[in-house]
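One structure is given here, and the rest of the page talks about it.
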Amino acid sequence: MKVIKILSAGLEKIIKISGIAALVLMVGMIFFNIVSRALFQETFGVTEEWSVWLMIWSVFVYIGLDIKEKAHISVDLIPNKLKGNTKLVLEIFMSLVMIIFGVLFLYACWADVMMAKMTRLSTITSIPVPLWIVKLCMPLGMLLFIFHTIEKMMNDIQGRHGEGKKC
């Protein structure tokens with residue numbers, strides 16, 4: 001459990017710092033494009049495409065952290081009405097369904113990344129980037145999603161979820 005706690009804290013710090021860096025980079029690229037369009041009537045397609053890819057990377061990588069922080073959209077009408085073991089069983093069941101979804105999505109994403117790598121596709125900008133690198137955010141995001149869902153399930157089983165403590 002201690003290893004999971006340390007790993008989770010480290011991942012959280014890395015994700016938050018990289019998310020802030022990605023946001024600053026996105027805003028900077030878009031601002032640069034606006035200024036260059038206004039002053040020089042010149043735009044750079046690479047800034048538009050890369051800012052979109054940075055946003056997609058940020059979203060996929062942040063999915064797992066949303067599970068940990070309970071920041072995802074969920075309907076909690078039934079879980080809030082339940083108590084004790086019934087609520088625990090439902091929480092574990094929901095976590096297992098999420099893990100199964102994550103594994104299936106991870107498999108599909110990995111197949112997509114491998115297909116992009118085998119076909120040697122690249123982005124359409126003047127600075128081509130292999131498409132498999134761009135698509136790597138999907139399986140990475142799903143790995144983090146699965147990890148944090150398992151962490152949440154372990155917290156639920158240990159009864160720490162309601163107390164605000166984390167694994």
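Lettering and numbering for the structure tokens are positional, with chains as A, B, ... in the shown order, residues counted from 1 in each chain, and ligands counted from 1 in the shown order.
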Quiz prompt | Close residues, A:Val113 itself excluded, 9 Å, only C-alpha atoms, min 6 positions apart in chain, as a list in words | solution =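 Surrounding residues, per the criterion: Leu131, Trp132, Ile133, Val134, Lys135, Leu136, Met138 and Pro139 of chain A.
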Residues of the last selection are to be written out with C-alpha atoms, as an mmCIF file, in the first residue's frame.
```
data_model
loop_
_atom_site.group_PDB
_atom_site.id
_atom_site.type_symbol
_atom_site.label_atom_id
_atom_site.label_comp_id
_atom_site.auth_asym_id
_atom_site.auth_seq_id
_atom_site.Cartn_x
_atom_site.Cartn_y
_atom_site.Cartn_z
ATOM 1 C CA LEU A 131 1.213 10.069 -35.473
ATOM 2 C CA TRP A 132 1.902 7.187 -33.088
ATOM 3 C CA ILE A 133 3.602 9.652 -30.719
ATOM 4 C CA VAL A 134 0.559 11.905 -30.817
ATOM 5 C CA LYS A 135 -1.790 8.947 -30.223
ATOM 6 C CA LEU A 136 0.314 7.574 -27.365
ATOM 7 C CA MET A 138 -4.637 7.398 -25.223
ATOM 8 C CA PRO A 139 -3.028 4.226 -23.849
#
```
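Coordinates place atom CA of A:Met29 at a distance of 20.4 Å from atom CA of A:Phe60.
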Exercise. Tell me which of A:Ile30, A:Ile100, A:Ile4, A:Cys109 sits closest to A:Phe44, counting only C-alpha atoms.
Key: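 Smallest separation from A:Phe44 among the options: A:Ile30.
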Practice problem: Give me the residues within 10 Å of A:Ile67 as a ChimeraX atom specification, counting only C-alpha atoms and dropping any in the same chain fewer than 2 places off. | Solution: /A:62-65,69-73,144-152
Quiz prompt | Neighbour list for stretch 91-96 of chain A as a ChimeraX atom specification, cut-off 12 Å, only C-alpha atoms, skip fewer than 2 positions in-chain | solution = /A:67-68,74-76,78-80,82-89,98-103,145-159,161-162
Can you spit out the residues from that selection as an mmCIF file, in the first residue's frame, using N, CA and C atoms?
```
data_model
loop_
_atom_site.group_PDB
_atom_site.id
_atom_site.type_symbol
_atom_site.label_atom_id
_atom_site.label_comp_id
_atom_site.auth_asym_id
_atom_site.auth_seq_id
_atom_site.Cartn_x
_atom_site.Cartn_y
_atom_site.Cartn_z
ATOM 1 N N ILE A 67 -10.318 10.476 -11.550
ATOM 2 C CA ILE A 67 -10.847 9.356 -10.762
ATOM 3 C C ILE A 67 -10.365 9.492 -9.318
ATOM 4 N N LYS A 68 -9.094 9.774 -9.158
ATOM 5 C CA LYS A 68 -8.521 9.885 -7.817
ATOM 6 C C LYS A 68 -9.165 11.013 -7.023
ATOM 7 N N SER A 74 -20.458 11.950 -12.467
ATOM 8 C CA SER A 74 -21.057 10.685 -12.045
ATOM 9 C C SER A 74 -22.429 10.953 -11.450
ATOM 10 N N VAL A 75 -23.263 9.942 -11.498
ATOM 11 C CA VAL A 75 -24.576 10.008 -10.871
ATOM 12 C C VAL A 75 -24.455 9.260 -9.557
ATOM 13 N N ASP A 76 -24.634 9.969 -8.467
ATOM 14 C CA ASP A 76 -24.446 9.340 -7.163
ATOM 15 C C ASP A 76 -25.737 9.267 -6.350
ATOM 16 N N ILE A 78 -27.968 6.744 -6.211
ATOM 17 C CA ILE A 78 -28.086 5.440 -5.541
ATOM 18 C C ILE A 78 -26.987 5.252 -4.495
ATOM 19 N N PRO A 79 -25.701 5.489 -4.826
ATOM 20 C CA PRO A 79 -24.670 5.296 -3.796
ATOM 21 C C PRO A 79 -24.882 6.141 -2.539
ATOM 22 N N ASN A 80 -25.428 7.331 -2.691
ATOM 23 C CA ASN A 80 -25.659 8.182 -1.518
ATOM 24 C C ASN A 80 -26.782 7.662 -0.630
ATOM 25 N N LEU A 82 -27.337 4.397 -0.153
ATOM 26 C CA LEU A 82 -26.912 3.130 0.444
ATOM 27 C C LEU A 82 -25.951 3.370 1.600
ATOM 28 N N LYS A 83 -25.873 2.367 2.460
ATOM 29 C CA LYS A 83 -24.960 2.441 3.609
ATOM 30 C C LYS A 83 -24.291 1.084 3.817
ATOM 31 N N GLY A 84 -23.169 1.114 4.513
ATOM 32 C CA GLY A 84 -22.500 -0.111 4.941
ATOM 33 C C GLY A 84 -22.006 -0.981 3.804
ATOM 34 N N ASN A 85 -22.202 -2.296 3.980
ATOM 35 C CA ASN A 85 -21.687 -3.272 3.019
ATOM 36 C C ASN A 85 -22.340 -3.153 1.650
ATOM 37 N N THR A 86 -23.613 -2.772 1.607
ATOM 38 C CA THR A 86 -24.291 -2.631 0.318
ATOM 39 C C THR A 86 -23.618 -1.544 -0.516
ATOM 40 N N LYS A 87 -23.298 -0.431 0.125
ATOM 41 C CA LYS A 87 -22.607 0.652 -0.572
ATOM 42 C C LYS A 87 -21.215 0.213 -1.011
ATOM 43 N N LEU A 88 -20.513 -0.518 -0.156
ATOM 44 C CA LEU A 88 -19.176 -1.006 -0.487
ATOM 45 C C LEU A 88 -19.217 -1.938 -1.691
ATOM 46 N N VAL A 89 -20.184 -2.852 -1.705
ATOM 47 C CA VAL A 89 -20.319 -3.788 -2.827
ATOM 48 C C VAL A 89 -20.583 -3.016 -4.120
ATOM 49 N N MET A 98 -15.347 -0.097 -14.305
ATOM 50 C CA MET A 98 -14.440 0.921 -14.838
ATOM 51 C C MET A 98 -13.100 0.310 -15.246
ATOM 52 N N ILE A 99 -12.608 -0.638 -14.468
ATOM 53 C CA ILE A 99 -11.341 -1.297 -14.807
ATOM 54 C C ILE A 99 -11.494 -2.096 -16.097
ATOM 55 N N ILE A 100 -12.599 -2.825 -16.225
ATOM 56 C CA ILE A 100 -12.844 -3.595 -17.452
ATOM 57 C C ILE A 100 -12.919 -2.655 -18.650
ATOM 58 N N PHE A 101 -13.663 -1.554 -18.508
ATOM 59 C CA PHE A 101 -13.731 -0.554 -19.579
ATOM 60 C C PHE A 101 -12.332 -0.038 -19.911
ATOM 61 N N GLY A 102 -11.557 0.291 -18.887
ATOM 62 C CA GLY A 102 -10.212 0.811 -19.097
ATOM 63 C C GLY A 102 -9.311 -0.168 -19.829
ATOM 64 N N VAL A 103 -9.403 -1.440 -19.466
ATOM 65 C CA VAL A 103 -8.579 -2.465 -20.121
ATOM 66 C C VAL A 103 -8.982 -2.613 -21.591
ATOM 67 N N PHE A 145 -5.769 5.787 -15.766
ATOM 68 C CA PHE A 145 -7.171 5.577 -15.385
ATOM 69 C C PHE A 145 -7.318 4.267 -14.610
ATOM 70 N N ILE A 146 -6.730 3.202 -15.134
ATOM 71 C CA ILE A 146 -6.804 1.890 -14.474
ATOM 72 C C ILE A 146 -6.090 1.937 -13.124
ATOM 73 N N PHE A 147 -4.903 2.521 -13.088
ATOM 74 C CA PHE A 147 -4.139 2.610 -11.840
ATOM 75 C C PHE A 147 -4.933 3.328 -10.756
ATOM 76 N N HIS A 148 -5.488 4.489 -11.086
ATOM 77 C CA HIS A 148 -6.211 5.267 -10.076
ATOM 78 C C HIS A 148 -7.554 4.629 -9.714
ATOM 79 N N THR A 149 -8.149 3.881 -10.635
ATOM 80 C CA THR A 149 -9.380 3.158 -10.295
ATOM 81 C C THR A 149 -9.075 2.030 -9.317
ATOM 82 N N ILE A 150 -7.970 1.331 -9.530
ATOM 83 C CA ILE A 150 -7.556 0.285 -8.585
ATOM 84 C C ILE A 150 -7.249 0.913 -7.226
ATOM 85 N N GLU A 151 -6.575 2.058 -7.237
ATOM 86 C CA GLU A 151 -6.284 2.765 -5.984
ATOM 87 C C GLU A 151 -7.577 3.146 -5.263
ATOM 88 N N LYS A 152 -8.559 3.649 -6.010
ATOM 89 C CA LYS A 152 -9.854 4.020 -5.423
ATOM 90 C C LYS A 152 -10.549 2.798 -4.834
ATOM 91 N N MET A 153 -10.501 1.684 -5.556
ATOM 92 C CA MET A 153 -11.143 0.464 -5.073
ATOM 93 C C MET A 153 -10.470 -0.025 -3.788
ATOM 94 N N MET A 154 -9.147 0.054 -3.731
ATOM 95 C CA MET A 154 -8.440 -0.361 -2.517
ATOM 96 C C MET A 154 -8.798 0.547 -1.341
ATOM 97 N N ASN A 155 -8.928 1.843 -1.611
ATOM 98 C CA ASN A 155 -9.356 2.773 -0.560
ATOM 99 C C ASN A 155 -10.765 2.446 -0.080
ATOM 100 N N ASP A 156 -11.649 2.106 -1.020
ATOM 101 C CA ASP A 156 -13.020 1.738 -0.650
ATOM 102 C C ASP A 156 -13.028 0.497 0.235
ATOM 103 N N ILE A 157 -12.246 -0.497 -0.149
ATOM 104 C CA ILE A 157 -12.208 -1.753 0.608
ATOM 105 C C ILE A 157 -11.667 -1.511 2.012
ATOM 106 N N GLN A 158 -10.670 -0.655 2.123
ATOM 107 C CA GLN A 158 -10.087 -0.377 3.438
ATOM 108 C C GLN A 158 -10.913 0.612 4.249
ATOM 109 N N GLY A 159 -11.996 1.114 3.662
ATOM 110 C CA GLY A 159 -12.868 2.018 4.391
ATOM 111 C C GLY A 159 -12.332 3.415 4.543
ATOM 112 N N HIS A 161 -12.183 5.687 2.043
ATOM 113 C CA HIS A 161 -12.723 6.607 1.046
ATOM 114 C C HIS A 161 -13.576 7.683 1.690
ATOM 115 N N GLY A 162 -14.446 7.300 2.584
ATOM 116 C CA GLY A 162 -15.332 8.257 3.226
ATOM 117 C C GLY A 162 -14.633 9.145 4.236
#
```
Give me the residues of stretch 95-165 of chain A that have any atom at most 8 Å from an atom of stretch 45-56 of chain A; for each, the nearest atom pair and the distance in Å, rounded to one decimal. Use only C-alpha atoms, sort by chain and number, and format it as a Markdown table.
```
| residue | atom | partner | partner_atom | distance |
| --- | --- | --- | --- | --- |
| A:Thr125 | CA | A:Val46 | CA | 5.4 |
| A:Ser126 | CA | A:Val46 | CA | 6.6 |
| A:Ile127 | CA | A:Val46 | CA | 7.1 |
| A:Val134 | CA | A:Trp53 | CA | 7.0 |
| A:Cys137 | CA | A:Ile56 | CA | 7.8 |
```
How would the residues just picked look written out with N, CA and C atoms as a compact mmCIF listing (two decimals), in the first residue's frame?
```txt
# COMPACT_ATOMS: atom_id res chain seq x y z
N THR A 125 1.38 18.96 -40.48
CA THR A 125 2.00 20.28 -40.41
C THR A 125 3.34 20.30 -41.13
N SER A 126 3.92 21.50 -41.16
CA SER A 126 5.23 21.65 -41.80
C SER A 126 6.33 20.97 -40.99
N ILE A 127 6.06 20.72 -39.72
CA ILE A 127 7.00 19.98 -38.87
C ILE A 127 6.33 18.65 -38.53
N VAL A 134 1.72 11.10 -31.17
CA VAL A 134 0.56 11.91 -30.82
C VAL A 134 -0.51 11.03 -30.17
N CYS A 137 -0.96 9.25 -26.15
CA CYS A 137 -1.67 9.79 -24.98
C CYS A 137 -2.85 8.91 -24.58
```
Exercise. Check chain A with DSSP on the backbone and list each residue it calls alpha helix (DSSP H), as a PyMOL selection string.
Key: chain A and resi 2-40+45-68+77-81+84-119+131-135+137-157
Practice problem: To one decimal in Å, tell me the separation between atom CA of A:Ser36 and atom CA of A:Pro128. | Solution: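 Result for atom CA of A:Ser36 versus atom CA of A:Pro128: 21.5 Å, one decimal.
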Quiz item: Suppose you want the space between atom CA of A:Leu23 and atom CA of A:Trp57; what is it in Å?
Solution: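 Separating atom CA of A:Leu23 from atom CA of A:Trp57 is a distance of 10.8 Å.
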